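In what follows, a structure is listed as C-alpha cells, so that the remarks can point back to it.
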Amino acid sequence: MKILTPGRISFEAALALQENLVAELQAGRGEETLVLLEHEPVYTIGRTRDRSSLRQNLPHPVFETNRGGQATFHGPGQLVGYPVLDLSRRGRDLHRYLRFLEDLLIELSASYGVTAQNREGLTGVWVGPRKLASLGVGVRKWISMHGFAINITRESTESFAHITPCGLTGVEMTSLAHESGADISIEDALARTVDLFMQRINHMTDSRTL
C-alpha cells in the first residue's frame, strides 16, 4: 500500500493523478494507493441531469465528475481521501466498501472526542443532524477512485452555504474543530487518517471482505 500526500492541489490535478493510478493498477504495474490532500476551492457534482443542488452566482468554479451524487464543496481546511483499491480482491461489494470508509471517518472523529455516526439510507458521516463528511466513489473494473471528504477546520464549512450539500435541503455542515471545540490542523488529521487506514487494511483477515 502506497500513501501519497501532494498537499493542496486543484481538483483537475487530483483527478488526473487518480486516472493514472487506476490505469497502472488495472495494467498490473501499480499498487494500491491512498491519496490524502486538500483542494483549491471548487464545487463538484456527479453526472446527473438534476443540478438543483447548485445555486446561482457561486463564488468558486464547478467541476462535473464521474462520481455519484449531487453537489458538494472541496477546499482548504477539508481533508480529502482518494483510495485507489482493487475491490475484486476485497469482495466486490460496493455497499460494504462505503461502510468501510464511513467507519474509518467515525473512528477518526472519535480520536478527537467527537461521537459521529452514519445514518440509515444516507451516505456520509454525521454528528447528530449535522453532516461532517461526504462520500462519493467511482469504480472501474472494480478499481476504486474518488472517496471521502471530511471537514477539519471551522473555515472548511463556509462555502457550503452557497449550495444544497448533496442535494439535502436544510442540512447543516459541521467540522471536527467545531464539534471538538478545539483547533485541529490538517497535518494532524492526515497523520491520524493514515494510521487508522493502515490499521484497518492490515488487520483484515479475510481478503474477500472489508
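Residue names in the C-alpha cells use chain letters A, B, ... in the order shown, residue numbers from 1 in each chain, and ligand numbers from 1 in the order shown.
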
(message) Just want the 7 Å neighbourhood of range 9-11 of chain A, counted on only C-alpha atoms, with same-chain residues fewer than 2 positions away dropped. Output as JSON, numbers by chain.
(response) {"A": [7, 13, 14, 15, 38, 39, 40]}

(message) Env of range 154-158 of chain A: 9 Å cut, atoms = only C-alpha atoms, seq-sep filter 2 positions within chain, self excluded. Answer as JSON, numbers by chain.
(response) {"A": [73, 74, 75, 76, 77, 78, 151, 152, 160, 161, 162, 173, 174, 175, 176, 177, 178, 183]}

(request) Step one, run DSSP on the backbone; step two, keep only residues of range 43-104 of chain A assigned to helix (DSSP H, G or I); then write them as a ChimeraX atom specification. (result) /A:87-89,94-104

Requested write-out: N, CA and C atoms of the selected residues, as an mmCIF file, in the first residue's frame:
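Below is the file that was written, part_20.cif:
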```cif
data_model
loop_
_atom_site.group_PDB
_atom_site.id
_atom_site.type_symbol
_atom_site.label_atom_id
_atom_site.label_comp_id
_atom_site.auth_asym_id
_atom_site.auth_seq_id
_atom_site.Cartn_x
_atom_site.Cartn_y
_atom_site.Cartn_z
ATOM 1 N N LEU A 87 -10.952 -3.686 -5.616
ATOM 2 C CA LEU A 87 -12.079 -4.264 -4.886
ATOM 3 C C LEU A 87 -12.392 -5.687 -5.327
ATOM 4 N N SER A 88 -11.822 -6.133 -6.443
ATOM 5 C CA SER A 88 -12.015 -7.535 -6.841
ATOM 6 C C SER A 88 -11.332 -8.462 -5.847
ATOM 7 N N ARG A 89 -10.352 -7.929 -5.109
ATOM 8 C CA ARG A 89 -9.678 -8.715 -4.068
ATOM 9 C C ARG A 89 -10.324 -8.499 -2.701
ATOM 10 N N LEU A 94 -19.698 -2.980 -3.172
ATOM 11 C CA LEU A 94 -19.590 -1.532 -3.090
ATOM 12 C C LEU A 94 -20.230 -0.996 -1.818
ATOM 13 N N HIS A 95 -21.345 -1.583 -1.413
ATOM 14 C CA HIS A 95 -22.015 -1.156 -0.193
ATOM 15 C C HIS A 95 -21.081 -1.336 1.012
ATOM 16 N N ARG A 96 -20.416 -2.455 1.071
ATOM 17 C CA ARG A 96 -19.511 -2.728 2.183
ATOM 18 C C ARG A 96 -18.305 -1.781 2.137
ATOM 19 N N TYR A 97 -17.857 -1.454 0.952
ATOM 20 C CA TYR A 97 -16.746 -0.508 0.815
ATOM 21 C C TYR A 97 -17.132 0.871 1.362
ATOM 22 N N LEU A 98 -18.335 1.326 1.063
ATOM 23 C CA LEU A 98 -18.807 2.606 1.587
ATOM 24 C C LEU A 98 -18.868 2.586 3.110
ATOM 25 N N ARG A 99 -19.344 1.471 3.679
ATOM 26 C CA ARG A 99 -19.382 1.351 5.149
ATOM 27 C C ARG A 99 -17.972 1.373 5.720
ATOM 28 N N PHE A 100 -17.023 0.765 5.017
ATOM 29 C CA PHE A 100 -15.622 0.773 5.433
ATOM 30 C C PHE A 100 -15.109 2.212 5.548
ATOM 31 N N LEU A 101 -15.402 3.035 4.544
ATOM 32 C CA LEU A 101 -14.966 4.421 4.571
ATOM 33 C C LEU A 101 -15.653 5.198 5.685
ATOM 34 N N GLU A 102 -16.950 4.988 5.854
ATOM 35 C CA GLU A 102 -17.667 5.656 6.932
ATOM 36 C C GLU A 102 -17.077 5.290 8.291
ATOM 37 N N ASP A 103 -16.827 4.004 8.504
ATOM 38 C CA ASP A 103 -16.272 3.560 9.785
ATOM 39 C C ASP A 103 -14.893 4.165 10.038
ATOM 40 N N LEU A 104 -14.099 4.320 8.993
ATOM 41 C CA LEU A 104 -12.791 4.953 9.122
ATOM 42 C C LEU A 104 -12.939 6.378 9.646
#
```

(message) I'd like to know which of A:Leu36, A:Leu54, A:Val62, A:Met1 is closest to Thr169 in chain A, using only C-alpha atoms.
(response) A:Leu54

(message) Between CA of Ala71 in chain A and CA of Ile186 in chain A, what is the distance in Å, rounded to a tenth?
(response)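 Answer for the CA of Ala71 in chain A to CA of Ile186 in chain A separation: 22.9 Å.
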
(message) Set the distance at 12 Å and use only C-alpha atoms: which residues neighbour Ala110 in chain A once local chain neighbours fewer than 3 positions away are removed? I'd like the list as a PyMOL selection string.
(response) chain A and resi 103-107+113-117+125+127+176+179-180+189+192-193+196

Write the residues of the selection above to a file with C-alpha atoms, as a short mmCIF file (atom, residue, chain, number, x, y, z; two decimals), in the first residue's frame.
```cif
data_model
loop_
_atom_site.label_atom_id
_atom_site.label_comp_id
_atom_site.auth_asym_id
_atom_site.auth_seq_id
_atom_site.Cartn_x
_atom_site.Cartn_y
_atom_site.Cartn_z
CA ASP A 103 -16.27 3.56 9.79
CA LEU A 104 -12.79 4.95 9.12
CA LEU A 105 -14.07 8.52 9.48
CA ILE A 106 -16.14 7.67 12.56
CA GLU A 107 -13.01 6.27 14.18
CA GLY A 113 -13.52 13.07 21.22
CA VAL A 114 -16.31 13.55 18.65
CA THR A 115 -19.11 10.97 18.53
CA ALA A 116 -20.04 10.59 14.86
CA GLN A 117 -22.23 8.03 13.13
CA VAL A 125 -20.80 10.72 8.45
CA VAL A 127 -22.80 14.33 14.29
CA LEU A 176 -14.20 18.38 13.59
CA GLU A 179 -17.60 19.64 17.23
CA SER A 180 -14.50 19.10 19.36
CA ALA A 189 -5.84 14.80 10.85
CA ARG A 192 -4.19 10.05 12.12
CA THR A 193 -6.09 9.03 8.99
CA LEU A 196 -6.18 4.32 11.08
#
```

(request) Within 12 Å of Gly170 in chain A, counting only C-alpha atoms, which residues show up once you throw out same-chain ones fewer than 2 positions away? Write them as a list in words, please. (result) Ser53, Pro129, Arg130, Lys131, Phe160, Ala161, Ile163, Thr164, Pro165, Cys166, Gly167, Leu168, Glu172 and Met173 of chain A

Please produce an output containing N, CA and C atoms for each residue in the selection, written as a PDB file, in the first residue's frame.
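Just written: result20.pdb:
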```
ATOM      1  N   SER A  53     -29.030  21.243  -6.873  1.00  0.00           N
ATOM      2  CA  SER A  53     -28.230  21.472  -5.666  1.00  0.00           C
ATOM      3  C   SER A  53     -27.199  22.584  -5.864  1.00  0.00           C
ATOM      4  N   PRO A 129     -27.705  15.824  13.785  1.00  0.00           N
ATOM      5  CA  PRO A 129     -28.282  16.178  12.484  1.00  0.00           C
ATOM      6  C   PRO A 129     -27.305  16.878  11.547  1.00  0.00           C
ATOM      7  N   ARG A 130     -26.093  17.106  11.997  1.00  0.00           N
ATOM      8  CA  ARG A 130     -25.114  17.881  11.220  1.00  0.00           C
ATOM      9  C   ARG A 130     -24.192  16.943  10.442  1.00  0.00           C
ATOM     10  N   LYS A 131     -23.911  17.312   9.191  1.00  0.00           N
ATOM     11  CA  LYS A 131     -23.082  16.454   8.348  1.00  0.00           C
ATOM     12  C   LYS A 131     -21.626  16.863   8.454  1.00  0.00           C
ATOM     13  N   PHE A 160     -20.148  25.954   1.824  1.00  0.00           N
ATOM     14  CA  PHE A 160     -21.329  25.095   1.649  1.00  0.00           C
ATOM     15  C   PHE A 160     -22.618  25.909   1.665  1.00  0.00           C
ATOM     16  N   ALA A 161     -22.569  27.124   2.211  1.00  0.00           N
ATOM     17  CA  ALA A 161     -23.774  27.955   2.316  1.00  0.00           C
ATOM     18  C   ALA A 161     -24.327  28.344   0.951  1.00  0.00           C
ATOM     19  N   ILE A 163     -24.625  26.286  -1.713  1.00  0.00           N
ATOM     20  CA  ILE A 163     -25.210  25.150  -2.426  1.00  0.00           C
ATOM     21  C   ILE A 163     -26.159  24.402  -1.488  1.00  0.00           C
ATOM     22  N   THR A 164     -26.844  23.406  -2.048  1.00  0.00           N
ATOM     23  CA  THR A 164     -27.602  22.461  -1.229  1.00  0.00           C
ATOM     24  C   THR A 164     -26.741  21.212  -1.135  1.00  0.00           C
ATOM     25  N   PRO A 165     -25.985  21.057  -0.037  1.00  0.00           N
ATOM     26  CA  PRO A 165     -24.984  19.987   0.023  1.00  0.00           C
ATOM     27  C   PRO A 165     -25.582  18.604  -0.192  1.00  0.00           C
ATOM     28  N   CYS A 166     -25.056  17.916  -1.198  1.00  0.00           N
ATOM     29  CA  CYS A 166     -25.501  16.556  -1.537  1.00  0.00           C
ATOM     30  C   CYS A 166     -26.989  16.489  -1.844  1.00  0.00           C
ATOM     31  N   GLY A 167     -27.579  17.639  -2.186  1.00  0.00           N
ATOM     32  CA  GLY A 167     -28.991  17.674  -2.519  1.00  0.00           C
ATOM     33  C   GLY A 167     -29.920  17.545  -1.332  1.00  0.00           C
ATOM     34  N   LEU A 168     -29.406  17.681  -0.120  1.00  0.00           N
ATOM     35  CA  LEU A 168     -30.199  17.502   1.101  1.00  0.00           C
ATOM     36  C   LEU A 168     -30.630  18.867   1.625  1.00  0.00           C
ATOM     37  N   GLU A 172     -27.174  20.961   7.714  1.00  0.00           N
ATOM     38  CA  GLU A 172     -26.140  21.828   8.275  1.00  0.00           C
ATOM     39  C   GLU A 172     -24.808  21.094   8.240  1.00  0.00           C
ATOM     40  N   MET A 173     -23.809  21.728   7.663  1.00  0.00           N
ATOM     41  CA  MET A 173     -22.478  21.141   7.621  1.00  0.00           C
ATOM     42  C   MET A 173     -21.705  21.527   8.883  1.00  0.00           C
TER      43      MET A 173
END
```

(message) So that I can see what lies close to Leu37 in chain A, please list as a PyMOL selection string the residues with an atom at most 8 Å from it, counting only C-alpha atoms and leaving out residues fewer than 2 positions away in the same chain.
(response) chain A and resi 5-9+35+39+79-81

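Picture a line from CA of Ser134 in chain A to CA of Phe148 in chain A; it runs 5.7 Å.
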